[in-house]
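One file, work33.tsv, is given below (TSV, C-alpha atoms).
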chain	number	residue	atom	x	y	z
A	1	MET	CA	0.00	0.00	0.00
A	2	ARG	CA	1.28	3.41	-0.90
A	3	SER	CA	1.23	6.33	1.52
A	4	ILE	CA	0.13	9.83	0.53
A	5	ASN	CA	2.75	12.55	0.64
A	6	ARG	CA	2.39	16.33	0.37
A	7	ARG	CA	2.98	16.33	-3.37
A	8	ASP	CA	0.15	13.82	-3.92
A	9	ALA	CA	-2.16	15.76	-1.58
A	10	PHE	CA	-1.59	19.06	-3.43
A	11	THR	CA	-2.19	17.37	-6.78
A	12	ALA	CA	-5.44	15.83	-5.55
A	13	LEU	CA	-6.53	19.08	-3.92
A	14	GLY	CA	-5.79	21.05	-7.10
A	15	ALA	CA	-7.71	18.57	-9.24
A	16	THR	CA	-10.67	18.72	-6.86
A	17	ALA	CA	-10.63	22.54	-6.89
A	18	LEU	CA	-10.51	22.64	-10.70
A	19	ALA	CA	-13.36	20.14	-10.92
A	20	GLY	CA	-15.43	22.31	-8.55
A	21	ILE	CA	-14.76	25.43	-10.59
A	22	ALA	CA	-15.69	23.63	-13.80
A	23	ALA	CA	-18.87	22.20	-12.23
A	24	THR	CA	-19.91	25.68	-11.09
A	25	GLY	CA	-19.51	26.91	-14.65
A	26	PHE	CA	-21.81	24.18	-15.97
A	27	ALA	CA	-24.34	24.36	-13.15
A	28	LYS	CA	-27.79	25.73	-13.85
A	29	PRO	CA	-28.48	29.05	-12.11
A	30	GLU	CA	-31.40	27.59	-10.16
A	31	THR	CA	-29.04	25.04	-8.52
A	32	LEU	CA	-26.70	27.73	-7.19
A	33	THR	CA	-27.63	29.18	-3.84
A	34	ALA	CA	-26.69	32.73	-4.82
A	35	ALA	CA	-28.59	32.63	-8.12
A	36	PRO	CA	-31.56	34.99	-8.42
A	37	LYS	CA	-34.89	33.26	-8.50
A	38	LYS	CA	-36.75	33.39	-11.76
A	39	ALA	CA	-40.22	34.91	-11.61
A	40	PRO	CA	-42.93	32.32	-12.19
A	41	ALA	CA	-44.24	32.32	-15.75
A	42	ILE	CA	-47.70	33.74	-16.27
A	43	THR	CA	-50.15	31.26	-17.73
A	44	SER	CA	-52.29	32.03	-20.76
A	45	GLU	CA	-55.35	31.89	-18.52
A	46	GLN	CA	-53.86	34.48	-16.15
A	47	ARG	CA	-53.01	36.64	-19.17
A	48	LEU	CA	-56.60	36.27	-20.37
A	49	VAL	CA	-58.01	37.42	-17.02
A	50	ALA	CA	-55.60	40.38	-16.94
A	51	LEU	CA	-56.55	41.39	-20.49
A	52	CYS	CA	-60.26	41.23	-19.63
A	53	GLU	CA	-59.73	43.49	-16.63
A	54	GLU	CA	-57.71	45.84	-18.86
A	55	PHE	CA	-60.59	45.85	-21.36
A	56	ILE	CA	-63.09	46.68	-18.59
A	57	ALA	CA	-60.82	49.53	-17.41
A	58	VAL	CA	-60.88	51.02	-20.92
A	59	GLU	CA	-64.69	50.74	-20.90
A	60	PHE	CA	-64.75	52.80	-17.70
A	61	LYS	CA	-62.62	55.43	-19.47
A	62	VAL	CA	-65.07	55.45	-22.41
A	63	ASP	CA	-67.94	55.83	-19.95
A	64	ALA	CA	-66.19	58.73	-18.20
A	65	VAL	CA	-65.68	60.56	-21.50
A	66	HIS	CA	-69.35	60.10	-22.43
A	67	ALA	CA	-70.48	61.19	-18.96
A	68	ALA	CA	-68.55	64.44	-19.29
A	69	CYS	CA	-70.33	65.32	-22.54
A	70	GLU	CA	-73.52	67.28	-22.08
A	71	THR	CA	-73.73	68.96	-25.46
A	72	PHE	CA	-73.21	67.95	-29.07
A	73	GLU	CA	-70.17	70.23	-29.25
A	74	GLN	CA	-68.60	68.48	-26.27
A	75	GLU	CA	-69.23	65.12	-27.95
A	76	GLU	CA	-67.52	66.36	-31.11
A	77	ALA	CA	-64.57	67.64	-29.05
A	78	ALA	CA	-64.25	64.24	-27.34
A	79	GLU	CA	-64.33	62.33	-30.63
A	80	ALA	CA	-60.52	62.07	-30.94
A	81	GLN	CA	-60.21	60.81	-27.37
A	82	LEU	CA	-62.95	58.23	-27.92
A	83	LYS	CA	-61.34	57.13	-31.18
A	84	ALA	CA	-58.07	56.47	-29.33
A	85	LEU	CA	-59.90	54.50	-26.62
A	86	TYR	CA	-61.73	52.42	-29.24
A	87	ALA	CA	-58.40	51.69	-30.95
A	88	GLU	CA	-57.00	50.57	-27.58
A	89	GLU	CA	-60.02	48.31	-27.10
A	90	LYS	CA	-59.52	46.79	-30.55
A	91	VAL	CA	-55.91	45.85	-29.72
A	92	ILE	CA	-57.00	44.27	-26.43
A	93	LEU	CA	-59.88	42.46	-28.14
A	94	GLU	CA	-57.54	40.92	-30.71
A	95	LYS	CA	-55.35	39.61	-27.88
A	96	LEU	CA	-58.41	38.33	-26.00
A	97	GLU	CA	-59.68	36.53	-29.06
A	98	ALA	CA	-56.36	34.73	-29.46
A	99	ILE	CA	-56.51	33.18	-25.97
A	100	LYS	CA	-58.90	30.33	-25.42
A	101	ALA	CA	-60.58	30.20	-22.02
A	102	THR	CA	-59.93	26.81	-20.42
A	103	THR	CA	-61.00	27.41	-16.83
A	104	LEU	CA	-64.02	28.89	-15.12
A	105	ALA	CA	-61.96	31.99	-14.25
A	106	GLY	CA	-61.25	32.54	-17.95
A	107	PHE	CA	-64.90	32.17	-18.94
A	108	ILE	CA	-65.95	34.55	-16.15
A	109	ALA	CA	-63.36	37.10	-17.29
A	110	LYS	CA	-64.57	36.96	-20.90
A	111	ALA	CA	-68.22	37.27	-19.78
A	112	ARG	CA	-67.31	40.30	-17.66
A	113	ALA	CA	-65.52	41.96	-20.59
A	114	PHE	CA	-68.52	41.29	-22.83
A	115	ALA	CA	-70.96	42.67	-20.27
A	116	ALA	CA	-68.85	45.82	-19.87
A	117	TRP	CA	-68.77	46.38	-23.63
A	118	ASP	CA	-72.36	45.36	-24.32
A	119	ARG	CA	-73.80	47.52	-21.53
A	120	GLY	CA	-76.65	45.07	-21.00
A	121	ASP	CA	-78.19	44.93	-24.47
A	122	HIS	CA	-77.71	41.17	-24.76
A	123	LEU	CA	-78.34	40.58	-21.08
A	124	SER	CA	-81.85	41.94	-21.37
A	125	LYS	CA	-84.64	39.39	-21.22
A	126	ASP	CA	-86.83	41.74	-23.29
A	127	SER	CA	-85.24	41.02	-26.67
A	128	GLY	CA	-87.85	38.45	-27.66
A	129	ASP	CA	-85.28	36.26	-29.43
A	130	TRP	CA	-84.69	32.92	-27.72
A	131	ASP	CA	-81.03	32.77	-28.75
A	132	ILE	CA	-80.32	36.27	-27.40
A	133	ILE	CA	-82.18	35.52	-24.16
A	134	MET	CA	-80.21	32.27	-23.69
A	135	LEU	CA	-76.88	33.94	-24.51
A	136	GLY	CA	-77.70	36.74	-22.09
A	137	SER	CA	-78.62	34.23	-19.43
A	138	LEU	CA	-75.31	32.37	-19.81
A	139	ILE	CA	-73.30	35.59	-19.69
A	140	GLN	CA	-75.28	36.84	-16.69
A	141	GLU	CA	-74.69	33.60	-14.78
A	142	LEU	CA	-70.95	33.69	-15.51
A	143	VAL	CA	-70.69	37.34	-14.45
A	144	ASP	CA	-72.58	36.51	-11.25
A	145	LEU	CA	-69.85	33.97	-10.39
A	146	GLY	CA	-67.18	36.67	-10.62
A	147	PRO	CA	-66.17	39.42	-8.25
A	148	ARG	CA	-68.72	41.87	-6.89
A	149	ASP	CA	-67.38	45.18	-8.08
A	150	ASN	CA	-68.54	48.27	-9.89
A	151	LEU	CA	-69.11	46.53	-13.23
A	152	SER	CA	-72.84	47.09	-12.70
A	153	HIS	CA	-72.10	50.81	-13.13
A	154	LEU	CA	-71.44	50.11	-16.83
A	155	CYS	CA	-74.12	47.47	-17.23
A	156	SER	CA	-77.33	48.31	-15.44
A	157	THR	CA	-78.81	44.91	-16.29
A	158	LEU	CA	-76.32	43.36	-13.86
A	159	ALA	CA	-77.70	45.43	-11.00
A	160	SER	CA	-81.22	44.15	-11.55
A	161	ALA	CA	-80.25	40.50	-11.62
What does the file become when written as structure tokens?
Amino acid sequence: MRSINRRDAFTALGATALAGIAATGFAKPETLTAAPKKAPAITSEQRLVALCEEFIAVEFKVDAVHAACETFEQEEAAEAQLKALYAEEKVILEKLEAIKATTLAGFIAKARAFAAWDRGDHLSKDSGDWDIIMLGSLIQELVDLGPRDNLSHLCSTLASA
């Protein structure tokens, strides 16, 4: 059996140190203790819900512009602002359309966005058309499952349900 001398110990120690340095270079950041933690990825469903809330916020802005207009001249003066808001809505709508709702939260979010935009026209039971009444009923029931907030301010039909 061979004994270990200082020269052998330094060689082994050096090789071990080099291997550790090399391993650190190849290690994934999440395995290093000092590595910053990566933010969790947002799911498409979470993105959908956020977009719907963004859409509803734009509807509140549209409502505020309309509420400030008391005369025809004021409406004409607000036309450019409304046009910009409608363009913003269109961009959000295109993103919303691209994301398929796969959970109840997603369906509720889309129903809320529709109710905010529609202002209750399709939620009315007075339309006389069975398909519109049924569609309105489905949307109303989905909205009712969502948060209780000031969405009824935009859609008076929600307040009466």
State, in Å with one decimal place, the distance from atom CA of A:Val49 to atom CA of A:Ala109.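 For atom CA of A:Val49 relative to atom CA of A:Ala109, the distance reads 5.4 Å.
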Enter the distance from atom CA of A:Leu151 to atom CA of A:Arg112, in Å, rounded to one decimal. 7.9 Å
Would you mind telling me which residue in A:Lys100, A:His153, A:Arg148, A:Lys90 lies nearest to A:Glu54 when using only C-alpha atoms?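 Looking only at the distances to A:Glu54, the closest residue turns out to be A:Lys90.
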Find the residue from A:Val62, A:Ile42, A:Ala67, A:Ile56 that sits nearest to A:Asn150; use all atoms listed in the file when measuring.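 Ranking A:Val62, A:Ile42, A:Ala67, A:Ile56 by distance to A:Asn150, first place goes to A:Ile56.
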What's the 10 Å shell around A:Leu82, counting all atoms listed in the file, without same-chain residues fewer than 3 positions away, as an MDAnalysis selection string? chainID A and resid 61:63 65:66 75:79 85:88
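Atom pair atom CA of A:Cys155 / atom CA of A:Ala98: separated by 25.0 Å.
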Could you check the closest approach to A:Pro147 for each of A:Ile108, A:Ala80, A:Ala116, A:Leu135 and tell me which residue wins, using all atoms listed in the file? A:Ile108
Proximity to A:Thr43 - best of A:Met134, A:Lys110, A:Thr103, A:Asp149, only C-alpha atoms: A:Thr103
